[in-house]
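Student: Contents of run-v5.tsv (TSV, C-alpha atoms) are given next:
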chain	number	residue	atom	x	y	z
A	60	MET	CA	3.04	11.66	16.31
A	61	ILE	CA	3.57	13.63	13.07
A	62	PHE	CA	2.61	17.20	13.73
A	63	PHE	CA	3.66	20.66	12.66
A	64	SER	CA	3.54	23.95	14.56
A	65	VAL	CA	1.41	26.37	12.54
A	66	SER	CA	3.16	29.39	14.03
A	67	ALA	CA	6.57	28.04	12.91
A	68	LEU	CA	5.22	27.69	9.37
A	69	GLU	CA	4.53	31.43	9.21
A	70	LYS	CA	8.30	32.08	9.14
A	71	ALA	CA	9.46	29.38	6.70
A	72	PRO	CA	8.62	25.86	5.48
A	73	VAL	CA	9.34	23.14	8.03
A	74	SER	CA	10.81	19.74	7.20
A	75	LYS	CA	10.52	16.67	9.40
A	76	SER	CA	11.98	13.20	9.09
A	77	GLY	CA	11.44	10.30	11.38
A	78	VAL	CA	10.51	6.72	12.06
A	79	LEU	CA	7.01	5.26	12.08
A	80	PRO	CA	6.44	2.46	14.58
A	81	PRO	CA	4.78	-0.74	13.29
A	82	GLU	CA	1.64	0.16	15.30
A	83	PHE	CA	1.18	3.30	13.18
A	84	LEU	CA	-0.94	1.44	10.59
A	85	ASP	CA	-3.20	-0.01	13.32
A	86	LEU	CA	-3.45	-3.44	11.65
A	87	ALA	CA	-3.78	-5.38	14.93
A	88	GLY	CA	-7.27	-6.72	14.12
A	89	ASP	CA	-6.52	-7.41	10.45
A	90	ASP	CA	-6.17	-11.09	9.52
A	91	GLN	CA	-4.62	-10.44	6.11
A	92	TYR	CA	-1.94	-7.81	6.79
A	93	SER	CA	0.54	-7.02	9.55
A	94	ALA	CA	3.24	-4.39	9.88
A	95	ALA	CA	6.65	-5.97	9.31
A	96	GLY	CA	8.79	-3.29	10.90
A	97	GLU	CA	9.39	0.40	11.28
A	98	GLY	CA	8.58	2.81	8.49
A	99	SER	CA	9.97	6.21	7.69
A	100	TYR	CA	8.79	9.65	6.65
A	101	ASP	CA	10.40	12.73	5.19
A	102	LEU	CA	7.83	15.53	4.93
A	103	THR	CA	7.87	19.27	4.34
A	104	ALA	CA	5.03	21.59	5.36
A	105	GLN	CA	4.55	25.07	4.02
A	106	LEU	CA	1.93	27.70	4.59
A	107	ILE	CA	0.01	28.59	1.46
A	108	SER	CA	-3.12	30.68	1.01
A	109	GLY	CA	-5.87	29.23	3.14
A	110	GLY	CA	-3.95	26.35	4.66
A	111	VAL	CA	-0.91	24.13	4.85
A	112	LEU	CA	0.52	21.96	2.09
A	113	VAL	CA	2.42	18.90	3.29
A	114	SER	CA	4.48	17.00	0.74
A	115	GLY	CA	7.14	14.34	0.83
A	116	ARG	CA	7.62	10.60	1.10
A	117	VAL	CA	6.40	8.01	3.56
A	118	SER	CA	6.82	4.22	3.56
A	119	ILE	CA	6.40	1.21	5.84
A	120	PRO	CA	7.05	-2.55	5.39
A	121	VAL	CA	4.07	-4.92	5.52
A	122	SER	CA	3.66	-8.71	5.65
A	123	SER	CA	0.83	-10.75	4.21
A	124	ILE	CA	0.18	-14.02	2.45
A	125	CYS	CA	0.12	-14.53	-1.30
A	126	GLY	CA	-3.43	-14.63	-2.62
A	127	ARG	CA	-2.60	-17.54	-4.95
A	128	CYS	CA	-0.13	-19.86	-3.20
A	129	LEU	CA	-0.65	-18.82	0.46
A	130	GLN	CA	3.09	-18.31	1.05
A	131	PRO	CA	4.29	-15.38	3.17
A	132	VAL	CA	5.04	-12.23	1.23
A	133	ASP	CA	6.71	-9.01	2.38
A	134	PHE	CA	6.43	-5.69	0.57
A	135	THR	CA	6.71	-1.99	1.28
A	136	LEU	CA	3.82	0.43	1.19
A	137	ASP	CA	5.20	3.45	-0.62
A	138	PRO	CA	2.65	5.80	-2.20
A	139	GLY	CA	5.41	7.85	-3.81
A	140	GLU	CA	5.22	11.62	-3.51
A	141	VAL	CA	2.50	12.44	-0.97
A	142	LYS	CA	0.73	15.80	-1.19
A	143	LEU	CA	-1.80	16.68	1.50
A	144	PHE	CA	-3.63	19.97	2.00
A	145	PHE	CA	-5.02	21.05	5.36
A	146	GLU	CA	-7.17	24.06	6.16
A	147	VAL	CA	-6.12	25.71	9.41
A	148	ASP	CA	-8.05	27.94	11.75
A	149	GLU	CA	-6.49	31.22	12.87
A	150	ASN	CA	-6.36	29.94	16.48
A	151	GLN	CA	-4.94	26.52	15.57
A	152	GLU	CA	-1.44	25.95	16.93
A	153	LEU	CA	-0.69	22.33	16.01
A	154	LEU	CA	-1.43	20.41	12.83
A	155	ASP	CA	-1.65	16.65	13.45
A	156	ILE	CA	-1.42	14.74	10.16
A	157	ASP	CA	-1.24	11.13	11.46
A	158	GLU	CA	-4.64	9.99	10.19
A	159	ASP	CA	-4.15	11.46	6.73
A	160	VAL	CA	-0.71	9.88	6.33
A	161	ARG	CA	-2.11	6.56	7.62
A	162	ALA	CA	-4.94	6.78	5.06
A	163	GLU	CA	-2.44	7.38	2.23
A	164	LEU	CA	-0.53	4.27	3.25
A	165	LEU	CA	-3.63	2.09	3.65
A	166	LEU	CA	-4.80	3.07	0.16
A	167	GLU	CA	-1.66	1.35	-1.16
A	168	LEU	CA	-2.58	-2.06	0.32
A	169	PRO	CA	-3.20	-4.47	-2.56
A	170	MET	CA	-6.53	-6.30	-2.62
A	171	ASN	CA	-4.72	-9.52	-3.52
A	172	PRO	CA	-1.02	-9.50	-2.57
A	173	LEU	CA	1.14	-11.78	-4.71
A	174	CYS	CA	4.58	-13.27	-4.08
A	175	SER	CA	5.32	-12.66	-7.78
A	176	PRO	CA	3.19	-11.46	-10.70
A	177	ASP	CA	3.42	-14.85	-12.41
A	178	CYS	CA	2.66	-16.98	-9.34
A	179	PRO	CA	0.75	-20.09	-10.55
A	180	GLY	CA	-0.83	-20.64	-7.13
A	181	LEU	CA	-2.16	-23.92	-5.79
A	182	CYS	CA	-3.47	-26.86	-7.77
A	183	PRO	CA	-7.27	-26.85	-7.50
A	184	GLU	CA	-7.30	-30.67	-7.41
A	185	CYS	CA	-4.60	-31.71	-4.93
A	186	GLY	CA	-3.61	-28.36	-3.37
A	187	CYS	CA	0.13	-28.60	-4.05
A	188	ASP	CA	2.10	-25.39	-4.49
A	189	LEU	CA	2.74	-25.06	-8.22
A	190	ASN	CA	5.67	-22.71	-7.54
A	191	SER	CA	7.75	-25.56	-6.13
A	192	GLN	CA	6.40	-28.69	-7.86
A	193	GLN	CA	4.31	-29.84	-10.79
A	194	CYS	CA	1.46	-32.17	-9.91
A	195	ASN	CA	-0.05	-34.93	-12.04
A	196	CYS	CA	-3.65	-33.83	-11.59
A	197	ARG	CA	-3.91	-32.05	-14.90
A	198	PRO	CA	-1.67	-31.50	-17.90
A	199	ALA	CA	0.62	-28.49	-17.85
A	200	ASP	CA	-0.73	-27.33	-21.21
A	201	ASN	CA	-4.26	-27.24	-22.54
A	202	SER	CA	-3.49	-29.08	-25.78
A	203	GLY	CA	-6.22	-31.66	-25.25
A	204	LYS	CA	-8.97	-29.21	-24.37
A	205	VAL	CA	-11.07	-27.20	-26.77
A	206	SER	CA	-11.34	-23.62	-25.69
A	207	PRO	CA	-14.82	-22.08	-25.60
A	208	TRP	CA	-13.19	-19.09	-27.27
A	209	SER	CA	-11.83	-21.05	-30.24
A	210	ALA	CA	-14.84	-20.03	-32.37
A	211	LEU	CA	-13.55	-16.47	-32.20
A	212	ASP	CA	-10.33	-17.50	-33.96
A	213	SER	CA	-12.21	-17.94	-37.23
A	214	LEU	CA	-13.68	-14.45	-37.23
A	215	ASP	CA	-12.34	-12.14	-39.89
A	216	LEU	CA	-12.24	-8.63	-38.47
Take the structure from the file and write it as structure tokens.
Tutor:
Amino acid sequence: MIFFSVSALEKAPVSKSGVLPPEFLDLAGDDQYSAAGEGSYDLTAQLISGGVLVSGRVSIPVSSICGRCLQPVDFTLDPGEVKLFFEVDENQELLDIDEDVRAELLLELPMNPLCSPDCPGLCPECGCDLNSQQCNCRPADNSGKVSPWSALDSLDL
């Protein structure tokens, strides 16, 4: 889908922009992530000694569930400035970069997606979502509990 003509690169750098279909990430068998829509790319390829340097931006929206509260979460995979180097043979006419771009995007998938950085998650006792309600299973603060780390407070360093 994203390819460059090597012979065209001999004359001048080539820029390409376009749309990535949701199937581009190939997340069909993944239970945790799914593509949420079309992505985009804006890449420039130039011939340099020994190969082709492709640089630019690529992004695609993804859906998942929050790793703490199990609510749906949408975010965009955007690795920032992408720089890829490809060696080319003298007889090579087309340079297909799909798999390398896909790999750059997949490396941006978080191990534990969160709806917000301070998401409190679910109560371990009753399972209520602590984002929307406070349960009575345990106190909101730890004032009654002695921390196992409290002995470290008395150290004079």
Student: Do you know which residues are at most 9 Å from Glu163 of chain A counting only C-alpha atoms, after dropping those on the same chain fewer than 5 positions away, and could you put them as an mmCIF file with C-alpha atoms, in the frame of the given file?
Tutor:
data_model
loop_
_atom_site.group_PDB
_atom_site.id
_atom_site.type_symbol
_atom_site.label_atom_id
_atom_site.label_comp_id
_atom_site.auth_asym_id
_atom_site.auth_seq_id
_atom_site.Cartn_x
_atom_site.Cartn_y
_atom_site.Cartn_z
ATOM 1 C CA VAL A 117 6.400 8.010 3.560
ATOM 2 C CA PRO A 138 2.650 5.800 -2.200
ATOM 3 C CA VAL A 141 2.500 12.440 -0.970
ATOM 4 C CA GLU A 158 -4.640 9.990 10.190
#
Student: Quick one: pull the distance between atom CA of Ser118 of chain A and atom CA of Ser99 of chain A, Å, one decimal.
Tutor: 5.6 Å
Student: For a cut-off of 10 Å around (1.6, 35.9, 6.9), file coordinates, pick out all residues using only C-alpha atoms and list them as a list of chain:residue names.
Tutor: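 Applying the cut-off with only C-alpha atoms, one gets A:Ser66, A:Leu68, A:Glu69, A:Lys70, A:Leu106, A:Ile107, A:Ser108.
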Student: Rounded to one decimal, what separation in Å do you get between atom CA of Leu168 of chain A and atom CA of Tyr100 of chain A?
Tutor: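 That distance, rounded to one decimal, is 17.5 Å.
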Student: A:Leu166, A:Leu154, A:Leu211, A:Ala71: which is nearest Leu84 of chain A, counting all atoms listed in the file?
Tutor: A:Leu166
Student: Find the spatial neighbours of Gly180 of chain A, counting only C-alpha atoms, within a cut-off of 10 Å - ignore same-chain residues fewer than 5 positions away - and output them as a ChimeraX atom specification.
Tutor: /A:125-130,173-174,186-191
Student: If we count all atoms listed in the file, what is near Pro169 of chain A at a cut-off of 12 Å, once residues fewer than 3 positions away on the same chain are taken out, given as an MDAnalysis selection string?
Tutor: chainID A and resid 91:92 121:126 132:138 164:166 172:174
Student: Which value, in Å to one decimal, gives the distance between atom CA of Gly115 of chain A and atom CA of Leu153 of chain A?
Tutor: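 These atoms are spaced 18.9 Å apart.
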Student: Using all atoms listed in the file, find the one residue out of A:Asp177, A:Glu146, A:Glu167, A:Asp212 that sits nearest to Gly110 of chain A.
Tutor: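 Answer, going by the shortest atom-to-atom distance: A:Glu146.
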Student: Pick the closest to Asp159 of chain A from A:Leu79, A:Leu86, A:Val147, A:Val113: which is it, counting only C-alpha atoms?
Tutor: A:Val113
Student: Find the residues with any atom within 7 Å of (0.9, 20.2, 2.0); use only C-alpha atoms and the coordinates as given in the file, and write the answer as JSON, numbers by chain.
Tutor: {"A": [104, 105, 111, 112, 113, 114, 142, 143, 144, 145]}
Student: Nearest to Ala95 of chain A: which of A:Gly139, A:Phe83, A:Pro120, A:Val73 is it, counting all atoms listed in the file?
Tutor: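 Smallest distance to Ala95 of chain A is found for A:Pro120.
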Student: If I wrap all listed atoms of segment 110-118 of chain A in a box with edges along x, y and z and add 3 Å on each side, what are its centre and edge lengths in Å to one decimal, as JSON?
Tutor:
{"center_x": 1.8, "center_y": 15.3, "center_z": 2.8, "size_x": 17.6, "size_y": 28.1, "size_z": 10.1}
Student: Would you please work out which residue, of A:Ser76, A:Gln192, A:Ser175, A:Ser206, is nearest to Leu102 of chain A when using all atoms listed in the file?
Tutor: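 For Leu102 of chain A, the nearest of the given residues is A:Ser76.
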